[in-house]
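K.L.:
For reference, this is entry-v2.txt, and it has compact mmCIF, C-alpha atoms.
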# COMPACT_ATOMS: atom_id res chain seq x y z
CA MET T 6 99.11 119.47 35.76
CA SER T 7 100.23 121.54 32.79
CA THR T 8 100.36 125.33 32.79
CA GLU T 9 100.46 125.13 29.00
CA GLN T 10 97.22 123.12 28.93
CA ARG T 11 95.43 125.65 31.12
CA GLU T 12 96.68 128.54 29.02
CA LEU T 13 95.51 126.78 25.84
CA VAL T 14 91.99 126.28 27.23
CA HIS T 15 91.80 129.90 28.39
CA GLN T 16 92.96 131.05 24.95
CA ILE T 17 90.36 128.90 23.19
CA LEU T 18 87.60 130.41 25.31
CA ARG T 19 88.83 134.00 24.98
CA ASN T 20 89.05 133.70 21.18
CA ALA T 21 85.75 131.87 20.70
CA PRO T 22 83.05 133.93 18.94
CA PHE T 23 80.42 132.74 21.42
CA ASP T 24 79.05 135.34 23.86
CA LEU T 25 76.76 134.01 26.61
CA GLY T 26 75.10 137.40 26.94
CA GLY T 27 74.56 137.94 23.21
CA ASP T 28 71.47 137.65 21.01
CA VAL T 29 70.22 134.07 21.31
CA VAL T 30 69.45 133.80 17.60
CA VAL T 31 73.13 134.41 16.85
CA GLN T 32 74.63 132.63 19.84
CA ARG T 33 72.73 129.33 19.71
CA PRO T 34 74.35 128.04 16.49
CA LEU T 35 77.75 129.41 17.57
CA LEU T 36 77.66 127.45 20.82
CA GLU T 37 76.36 124.33 19.10
CA GLN T 38 79.21 124.48 16.59
CA MET T 39 81.74 125.03 19.38
CA LEU T 40 80.46 122.11 21.46
CA THR T 41 80.15 119.64 18.59
CA ALA T 42 83.33 120.55 16.68
CA GLN T 43 85.18 117.50 17.95
CA PRO T 44 83.79 114.15 16.76
CA LEU T 45 82.60 111.76 19.43
CA PRO T 46 84.51 108.51 19.98
CA ASP T 47 83.36 105.73 17.67
CA ASP T 48 81.95 103.69 20.54
CA VAL T 49 79.47 106.36 21.68
CA ARG T 50 75.90 105.50 20.68
CA MET T 51 73.19 108.18 20.67
CA THR T 52 69.45 107.51 20.45
CA ASP T 53 66.74 110.17 20.31
CA ILE T 54 64.10 109.45 22.96
CA GLU T 55 61.35 111.14 24.95
CA LEU T 56 60.88 111.16 28.71
CA GLY T 57 57.50 112.37 29.87
CA GLY T 58 57.05 114.04 26.50
CA ILE T 59 60.40 115.88 26.78
CA PRO T 60 62.94 115.24 24.00
CA ALA T 61 66.24 113.77 25.12
CA ILE T 62 69.23 111.82 23.89
CA SER T 63 70.16 108.45 25.36
CA ILE T 64 73.91 107.86 25.39
CA GLU T 65 75.54 104.45 25.71
CA ILE T 66 79.12 103.28 25.38
CA ASP T 67 79.73 100.11 23.35
CA GLY T 68 81.00 97.29 25.53
CA VAL T 69 79.92 98.95 28.80
CA GLU T 70 77.23 97.16 30.78
CA PRO T 71 75.73 100.18 32.58
CA ARG T 72 75.49 99.98 36.35
CA GLY T 73 72.97 102.81 36.39
CA THR T 74 71.65 105.93 34.64
CA ILE T 75 72.81 109.54 34.64
CA LEU T 76 70.17 112.20 33.92
CA HIS T 77 72.07 115.23 32.62
CA PHE T 78 71.03 118.86 32.09
CA HIS T 79 73.07 121.02 29.71
CA GLY T 80 74.28 124.55 30.34
CA GLY T 81 73.78 127.79 28.42
CA GLY T 82 72.18 130.28 30.80
CA PHE T 83 68.71 128.77 30.22
CA ALA T 84 68.71 130.36 26.75
CA VAL T 85 71.30 128.54 24.61
CA GLY T 86 72.80 125.05 24.54
CA SER T 87 71.21 121.71 23.74
CA ALA T 88 71.13 118.05 24.68
CA ARG T 89 73.31 117.27 21.66
CA GLY T 90 75.85 119.91 22.58
CA SER T 91 76.25 118.31 26.00
CA VAL T 92 76.68 114.74 24.75
CA GLY T 93 80.49 114.92 24.78
CA LEU T 94 80.64 115.74 28.50
CA ALA T 95 77.80 113.39 29.43
CA ALA T 96 79.38 110.53 27.48
CA THR T 97 82.73 111.01 29.21
CA ILE T 98 81.07 110.93 32.63
CA ALA T 99 79.11 107.82 31.60
CA ARG T 100 82.26 106.08 30.36
CA LYS T 101 84.25 106.79 33.51
CA ALA T 102 81.39 105.81 35.82
CA GLY T 103 80.26 102.75 33.86
CA MET T 104 76.80 104.23 33.32
CA ARG T 105 74.46 105.19 30.53
CA ALA T 106 73.50 108.87 30.29
CA ILE T 107 70.45 110.78 29.15
CA SER T 108 70.83 114.43 28.10
CA VAL T 109 67.57 116.41 28.30
CA ASP T 110 66.46 119.03 25.74
CA TYR T 111 64.46 121.26 28.05
CA ARG T 112 62.72 124.36 26.66
CA LEU T 113 64.79 127.54 26.46
CA ALA T 114 64.17 131.16 27.40
CA PRO T 115 63.25 133.81 26.39
CA GLU T 116 60.66 131.98 24.28
CA ASN T 117 59.89 129.69 27.22
CA PRO T 118 60.67 131.47 30.50
CA TYR T 119 60.58 130.02 34.01
CA PRO T 120 59.19 127.57 35.02
CA ALA T 121 59.27 125.84 31.61
CA ALA T 122 62.79 124.41 32.00
CA LEU T 123 62.11 123.21 35.55
CA ASP T 124 58.78 121.70 34.50
CA ASP T 125 60.56 119.81 31.69
CA ALA T 126 63.31 118.63 34.01
CA THR T 127 60.73 117.38 36.51
CA ALA T 128 58.64 115.64 33.85
CA ALA T 129 61.70 113.88 32.43
CA TYR T 130 62.85 112.85 35.91
CA GLN T 131 59.45 111.46 36.93
CA ALA T 132 59.19 109.47 33.70
CA LEU T 133 62.68 108.06 34.13
CA VAL T 134 62.04 107.06 37.75
CA GLU T 135 58.89 105.24 36.64
CA GLN T 136 60.82 103.58 33.80
CA LEU T 137 63.62 102.46 36.13
CA GLY T 138 61.28 101.41 38.91
CA GLY T 139 63.21 103.41 41.49
CA THR T 140 66.12 105.76 42.07
CA GLU T 141 68.77 103.53 43.63
CA GLN T 142 70.83 103.48 40.42
CA LEU T 143 69.96 107.01 39.26
CA VAL T 144 72.28 110.03 39.41
CA VAL T 145 71.39 113.59 38.37
CA THR T 146 74.04 115.86 36.85
CA GLY T 147 74.14 119.32 35.34
CA GLU T 148 76.56 121.97 34.14
CA SER T 149 76.20 125.74 34.63
CA ALA T 150 72.48 126.57 34.21
CA GLY T 151 71.97 122.82 33.99
CA GLY T 152 73.54 122.61 37.44
CA ASN T 153 70.87 125.05 38.60
CA LEU T 154 68.16 122.86 37.05
CA ALA T 155 69.60 119.72 38.62
CA ALA T 156 69.54 121.36 42.05
CA GLU T 157 66.09 122.90 41.55
CA LEU T 158 64.73 119.57 40.31
CA LEU T 159 65.71 118.07 43.67
CA ILE T 160 64.30 121.01 45.65
CA ALA T 161 61.00 120.97 43.73
CA GLY T 162 60.91 117.18 43.83
CA LYS T 163 61.33 117.17 47.61
CA GLN T 164 58.38 119.56 47.91
CA ARG T 165 56.28 117.25 45.72
CA GLY T 166 57.31 114.13 47.57
CA LEU T 167 59.31 112.62 44.70
CA PRO T 168 61.99 110.05 45.55
CA MET T 169 65.50 111.46 45.53
CA PRO T 170 68.26 110.08 43.25
CA ALA T 171 71.27 108.29 44.71
CA ALA T 172 73.38 111.44 44.26
CA ALA T 173 73.74 114.66 42.27
CA LEU T 174 76.77 116.24 40.59
CA LEU T 175 76.85 119.95 39.80
CA PHE T 176 79.55 121.29 37.48
CA SER T 177 80.14 125.06 37.77
CA PRO T 178 76.50 125.54 38.84
CA MET T 179 74.70 128.84 38.33
CA THR T 180 72.95 129.06 41.70
CA ASP T 181 72.35 132.78 42.36
CA LEU T 182 70.46 134.63 39.63
CA THR T 183 70.89 137.90 41.54
CA ALA T 184 74.59 137.63 40.58
CA SER T 185 75.55 138.96 43.99
CA GLY T 186 78.58 136.77 44.71
CA ALA T 187 81.86 138.58 45.33
CA SER T 188 83.55 136.46 42.66
CA PHE T 189 81.57 138.25 39.94
CA VAL T 190 83.93 141.15 40.62
CA GLY T 191 86.91 139.37 42.13
CA LYS T 192 87.25 136.85 39.29
CA ALA T 193 86.19 139.11 36.41
CA ALA T 194 89.74 139.46 35.12
CA SER T 195 90.56 135.76 35.32
CA ASP T 196 87.37 134.31 33.80
CA PRO T 197 87.96 134.02 30.05
CA ASN T 198 84.37 133.84 28.81
CA ILE T 199 81.67 134.42 31.48
CA THR T 200 80.72 137.83 32.89
CA ALA T 201 78.31 139.14 35.48
CA ALA T 202 76.57 141.14 32.73
CA ALA T 203 75.97 137.97 30.70
CA ILE T 204 74.55 136.13 33.72
CA ARG T 205 72.21 139.04 34.47
CA THR T 206 71.05 139.16 30.83
CA ARG T 207 70.21 135.47 30.80
CA ALA T 208 68.53 135.74 34.22
CA ARG T 209 66.27 138.51 32.87
CA ASP T 210 65.38 136.33 29.88
CA TYR T 211 64.59 133.43 32.20
CA LEU T 212 62.32 135.47 34.49
CA ASP T 213 60.89 138.13 32.13
CA GLY T 214 57.11 138.24 32.18
CA THR T 215 56.83 135.85 35.12
CA SER T 216 55.87 136.44 38.73
CA ALA T 217 59.09 134.84 39.98
CA SER T 218 62.08 136.81 41.18
CA ALA T 219 65.77 136.01 41.27
CA VAL T 220 65.55 135.33 45.03
CA ASP T 221 62.83 132.69 44.62
CA PRO T 222 64.16 129.41 46.10
CA LEU T 223 62.99 127.59 42.95
CA VAL T 224 65.03 130.00 40.82
CA SER T 225 68.20 130.43 42.89
CA PRO T 226 68.94 127.35 45.00
CA ILE T 227 71.23 129.19 47.43
CA PHE T 228 68.04 130.69 48.89
CA ALA T 229 66.31 127.31 49.30
CA ASP T 230 65.98 124.88 52.19
CA LEU T 231 68.20 122.02 51.01
CA THR T 232 67.34 119.66 53.85
CA GLY T 233 66.72 116.13 52.60
CA LEU T 234 68.66 116.42 49.35
CA PRO T 235 70.88 113.49 48.34
CA PRO T 236 74.69 113.59 48.51
CA LEU T 237 76.10 116.40 46.37
CA LEU T 238 79.39 116.84 44.56
CA ILE T 239 79.96 120.43 43.46
CA GLN T 240 82.92 121.05 41.14
CA VAL T 241 84.12 124.51 40.10
CA GLY T 242 87.24 126.26 38.83
CA SER T 243 88.93 129.02 40.79
CA SER T 244 89.07 131.25 37.69
CA GLU T 245 85.27 131.46 37.43
CA VAL T 246 83.03 134.41 38.17
CA LEU T 247 80.60 131.68 39.30
CA LEU T 248 83.02 130.49 41.98
CA ASP T 249 80.88 131.93 44.78
CA ASP T 250 77.75 130.36 43.30
CA ALA T 251 79.37 126.98 43.93
CA THR T 252 80.96 127.71 47.30
CA ARG T 253 77.86 129.36 48.74
CA LEU T 254 75.66 126.45 47.68
CA ALA T 255 78.07 124.03 49.33
CA VAL T 256 77.99 126.03 52.57
CA LYS T 257 74.17 126.16 52.47
CA ALA T 258 73.98 122.40 51.83
CA ALA T 259 76.33 121.71 54.74
CA ALA T 260 74.28 123.97 57.02
CA ASP T 261 71.17 122.01 56.00
CA ASP T 262 72.85 118.68 56.87
CA VAL T 263 73.24 117.53 53.27
CA PRO T 264 76.31 115.35 52.58
CA VAL T 265 78.32 117.60 50.26
CA ILE T 266 81.77 117.68 48.70
CA LEU T 267 83.07 120.98 47.33
CA ASP T 268 85.79 120.32 44.75
CA VAL T 269 87.64 123.47 43.63
CA THR T 270 90.33 123.17 40.96
CA PRO T 271 92.80 126.08 40.77
CA GLN T 272 93.21 128.27 37.68
CA VAL T 273 90.67 126.57 35.43
CA PRO T 274 87.58 128.11 33.79
CA HIS T 275 83.86 127.47 33.65
CA VAL T 276 82.90 123.80 33.06
CA PHE T 277 86.57 122.92 32.58
CA GLN T 278 85.60 119.23 32.65
CA ALA T 279 84.39 119.61 29.05
CA PHE T 280 88.08 119.96 28.09
CA ALA T 281 89.12 116.67 29.70
CA GLY T 282 90.63 115.51 26.41
CA ILE T 283 93.26 118.26 26.47
CA LEU T 284 93.27 119.36 30.11
CA ASP T 285 94.65 117.07 32.81
CA GLU T 286 92.66 118.88 35.49
CA GLY T 287 89.42 118.19 33.62
CA ASP T 288 90.19 114.50 33.31
CA ALA T 289 91.16 114.27 36.98
CA ALA T 290 87.97 116.04 38.06
CA LEU T 291 85.83 113.58 36.09
CA ASN T 292 87.73 110.69 37.65
CA ARG T 293 86.77 112.10 41.06
CA ALA T 294 83.19 112.47 39.85
CA ALA T 295 83.15 108.82 38.77
CA ARG T 296 84.40 107.73 42.19
CA PHE T 297 81.70 109.83 43.85
CA ILE T 298 79.06 108.12 41.73
CA ALA T 299 80.43 104.68 42.56
CA ASP T 300 80.49 105.51 46.27
CA ASN T 301 76.82 106.52 46.26
CA LEU T 302 75.15 103.92 44.10
CA ALA T 303 73.18 101.34 46.04
Could you take the file, read its structure, and then write that structure out as structure tokens?
P.N.:
Amino acid sequence: MSTEQRELVHQILRNAPFDLGGDVVVQRPLLEQMLTAQPLPDDVRMTDIELGGIPAISIEIDGVEPRGTILHFHGGGFAVGSARGSVGLAATIARKAGMRAISVDYRLAPENPYPAALDDATAAYQALVEQLGGTEQLVVTGESAGGNLAAELLIAGKQRGLPMPAAALLFSPMTDLTASGASFVGKAASDPNITAAAIRTRARDYLDGTSASAVDPLVSPIFADLTGLPPLLIQVGSSEVLLDDATRLAVKAAADDVPVILDVTPQVPHVFQAFAGILDEGDAALNRAARFIADNLA
């Protein structure tokens, strides 16, 4: 693994104009431009669809007969990001796992606070399960706030009696909206682009005007009963302020008898897998994710 590669990724993130805690009107186009700056491979096919009335993008790789479907939720602190911005990461996962992927455009805060995003995630999931006729070949994934939604979808779905997917993959998940993890302080100097202040700003946007609090189990999954969830793979970088969000969720899942793998990569930043094209650690992590998917499909 290359020190130079890691330093390049950290430099890109430090110098990027995007600020997760900034005004959403300014930050949304900045993040979209950042995430879509690199053209997709020629063999990636995108189709605009709807699932349960929720807009989404279906992603297929030419020449790949998909063995199943990935339902993916993008990051952005519940307030920025888009299905299109997440296509690059979702397509790479789909390619490595031999799957098709669907990236969901759930509603964003502050215009649409909690539980709008979770309601959209649940509606899309239910429609997809009905379309597929089951969940044996279905995997749920999410990055950052999308990792929160992926986990909360499973928690809410369990409460509603929905069938669970074959597995779930959470990339740098945002699991504690109280931002109480020790890594928010301990990793502040090493994280190139995410801060505790930004997480708290986005959490306020997500919950403002609602009756929910940051300790609600359907807001912060580390406070939930995770019993009955499907096998989980949680990947995170050791340079992240969200490191404890990942490790604490893994510990809670283990305590609740959920099969869980915690995969920590040293000295890499938030959602480092998105840099798989230039970062060996990102590519290796997605290879491990693909193996996890293969191991858990029926």
K.L.:
Name all residues at most 10 Å from Pro168 (chain T) (count all atoms listed in the file; drop same-chain ones fewer than 4 positions away) and give them as a list of chain:residue names.
P.N.:
T:Gln131, T:Val134, T:Gly139, T:Thr140, T:Glu141, T:Leu159, T:Gly162, T:Lys163, T:Leu234, T:Pro235
K.L.:
Looking at T:Ile66, T:Ala84, T:Ala150, T:Ala171, which one is nearest to Arg209 (chain T), with distances taken over all atoms listed in the file?
P.N.:
T:Ala84
K.L.:
When distances are computed from only C-alpha atoms, which of T:Gly186, T:Pro274, T:Gly242, T:Gly152 shows the smallest separation from His77 (chain T)?
P.N.:
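When distances to His77 (chain T) are compared using only C-alpha atoms, the smallest one comes from T:Gly152.
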K.L.:
Could you please determine the separation between CA of Thr41 (chain T) and CA of Gly90 (chain T) in Å, to one decimal place?
P.N.:
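Straight-line distance from CA of Thr41 (chain T) to CA of Gly90 (chain T) works out to 5.9 Å.
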K.L.:
Report as a list in words all protein, DNA and RNA residues lying within 12 Å of Ala255 (chain T), evaluated on only C-alpha atoms, omitting residues in the same chain fewer than 5 positions from it.
P.N.:
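The residues that qualify are Ala156, Leu174, Leu175, Ser177, Pro178, Thr180, Pro226, Ile227, Leu231, Pro236, Leu237, Leu238, Ile239, Gln240, Val241, Leu248, Asp249, Asp250, Ala260, Asp261, Asp262, Val263, Pro264, Val265, Ile266, Leu267, Asp268 and Val269 of chain T.
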K.L.:
May I have the residues within 9 Å of Ser185 (chain T) as a VMD selection string, using all atoms listed in the file and disregarding those fewer than 2 positions away in the same chain?
P.N.:
chain T and resid 181 to 183 187 to 189 201 249 to 250
K.L.:
Would you mind telling me which residue in T:Thr206, T:Ser195, T:Gln142, T:Thr215 lies nearest to Leu18 (chain T) when using only C-alpha atoms?
P.N.:
T:Ser195
K.L.:
Residues of region 33-94 of chain T within 12 Å of region 287-299 of chain T: nearest atom pair and distance (Å, one decimal) for each, counting all atoms listed in the file, sorted by chain and number, as a Markdown table?
P.N.:
| residue | atom | partner | partner_atom | distance |
| --- | --- | --- | --- | --- |
| T:Pro71 | CA | T:Ala299 | CA | 11.9 |
| T:Arg72 | CA | T:Ala299 | CA | 9.2 |
| T:Gly73 | CA | T:Ile298 | CA | 9.7 |
| T:Thr74 | CA | T:Ile298 | CA | 10.5 |
| T:Ile75 | CA | T:Ile298 | CA | 9.6 |
| T:Leu94 | CA | T:Leu291 | CA | 9.4 |
K.L.:
My list of candidates is T:Glu245, T:Glu70, T:Glu37, T:Asp47. Which is closest to Lys192 (chain T) when distances are computed with all atoms listed in the file?
P.N.:
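Comparing T:Glu245, T:Glu70, T:Glu37, T:Asp47 against Lys192 (chain T), the winner is T:Glu245.
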K.L.:
Mind checking which residues fall within 8 Å of Gly93 (chain T), counting all atoms listed in the file, ignoring those fewer than 5 positions away in the same chain, and posting them as a list in words?
P.N.:
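So the residues in contact are Leu40, Thr41, Leu45 and Ala279 of chain T.
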K.L.:
Expressed in Å to a single decimal, how great is the separation between CA of Ala155 (chain T) and CA of Val276 (chain T)?
P.N.:
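Separation of CA of Ala155 (chain T) and CA of Val276 (chain T): 15.0 Å.
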K.L.:
By how many Å are CA of Met104 (chain T) and CA of His79 (chain T) apart?
P.N.:
17.6 Å
K.L.:
From the structure just shown, export region 47-102 of chain T with C-alpha atoms as a short mmCIF file (atom, residue, chain, number, x, y, z; two decimals), in the first residue's frame.
P.N.:
data_model
loop_
_atom_site.label_atom_id
_atom_site.label_comp_id
_atom_site.auth_asym_id
_atom_site.auth_seq_id
_atom_site.Cartn_x
_atom_site.Cartn_y
_atom_site.Cartn_z
CA ASP T 47 -17.93 3.17 -20.80
CA ASP T 48 -19.58 -0.09 -19.79
CA VAL T 49 -21.61 1.41 -16.93
CA ARG T 50 -25.29 1.78 -17.84
CA MET T 51 -27.57 4.07 -15.83
CA THR T 52 -31.37 4.10 -16.01
CA ASP T 53 -33.66 6.46 -14.10
CA ILE T 54 -36.32 4.44 -12.27
CA GLU T 55 -38.76 4.69 -9.37
CA LEU T 56 -39.16 2.29 -6.47
CA GLY T 57 -42.30 2.78 -4.43
CA GLY T 58 -42.55 6.28 -5.85
CA ILE T 59 -38.96 7.14 -4.82
CA PRO T 60 -36.59 8.22 -7.62
CA ALA T 61 -33.53 6.05 -8.08
CA ILE T 62 -30.88 5.09 -10.61
CA SER T 63 -30.45 1.51 -11.77
CA ILE T 64 -26.82 0.66 -12.55
CA GLU T 65 -25.72 -2.26 -14.69
CA ILE T 66 -22.35 -3.29 -16.09
CA ASP T 67 -22.27 -4.38 -19.74
CA GLY T 68 -21.39 -8.06 -20.06
CA VAL T 69 -22.15 -8.85 -16.40
CA GLU T 70 -25.05 -11.21 -15.76
CA PRO T 71 -26.05 -9.97 -12.28
CA ARG T 72 -26.25 -12.57 -9.54
CA GLY T 73 -28.33 -10.23 -7.40
CA THR T 74 -29.19 -6.61 -6.56
CA ILE T 75 -27.51 -4.03 -4.36
CA LEU T 76 -29.74 -1.30 -2.89
CA HIS T 77 -27.42 1.63 -2.12
CA PHE T 78 -27.92 4.80 -0.07
CA HIS T 79 -25.62 7.77 -0.69
CA GLY T 80 -23.88 9.88 1.94
CA GLY T 81 -23.93 13.61 2.64
CA GLY T 82 -25.09 14.07 6.22
CA PHE T 83 -28.76 13.68 5.19
CA ALA T 84 -28.58 17.14 3.60
CA VAL T 85 -26.33 16.92 0.52
CA GLY T 86 -25.37 14.20 -1.96
CA SER T 87 -27.46 12.39 -4.54
CA ALA T 88 -28.07 9.05 -6.19
CA ARG T 89 -26.07 10.22 -9.22
CA GLY T 90 -23.15 11.33 -7.10
CA SER T 91 -22.94 7.85 -5.59
CA VAL T 92 -23.07 5.95 -8.89
CA GLY T 93 -19.28 5.68 -9.17
CA LEU T 94 -18.94 3.85 -5.85
CA ALA T 95 -22.09 1.76 -6.35
CA ALA T 96 -20.98 0.74 -9.85
CA THR T 97 -17.57 -0.38 -8.60
CA ILE T 98 -19.17 -2.51 -5.89
CA ALA T 99 -21.58 -3.96 -8.46
CA ARG T 100 -18.75 -4.77 -10.87
CA LYS T 101 -16.62 -6.51 -8.25
CA ALA T 102 -19.55 -8.46 -6.82
#
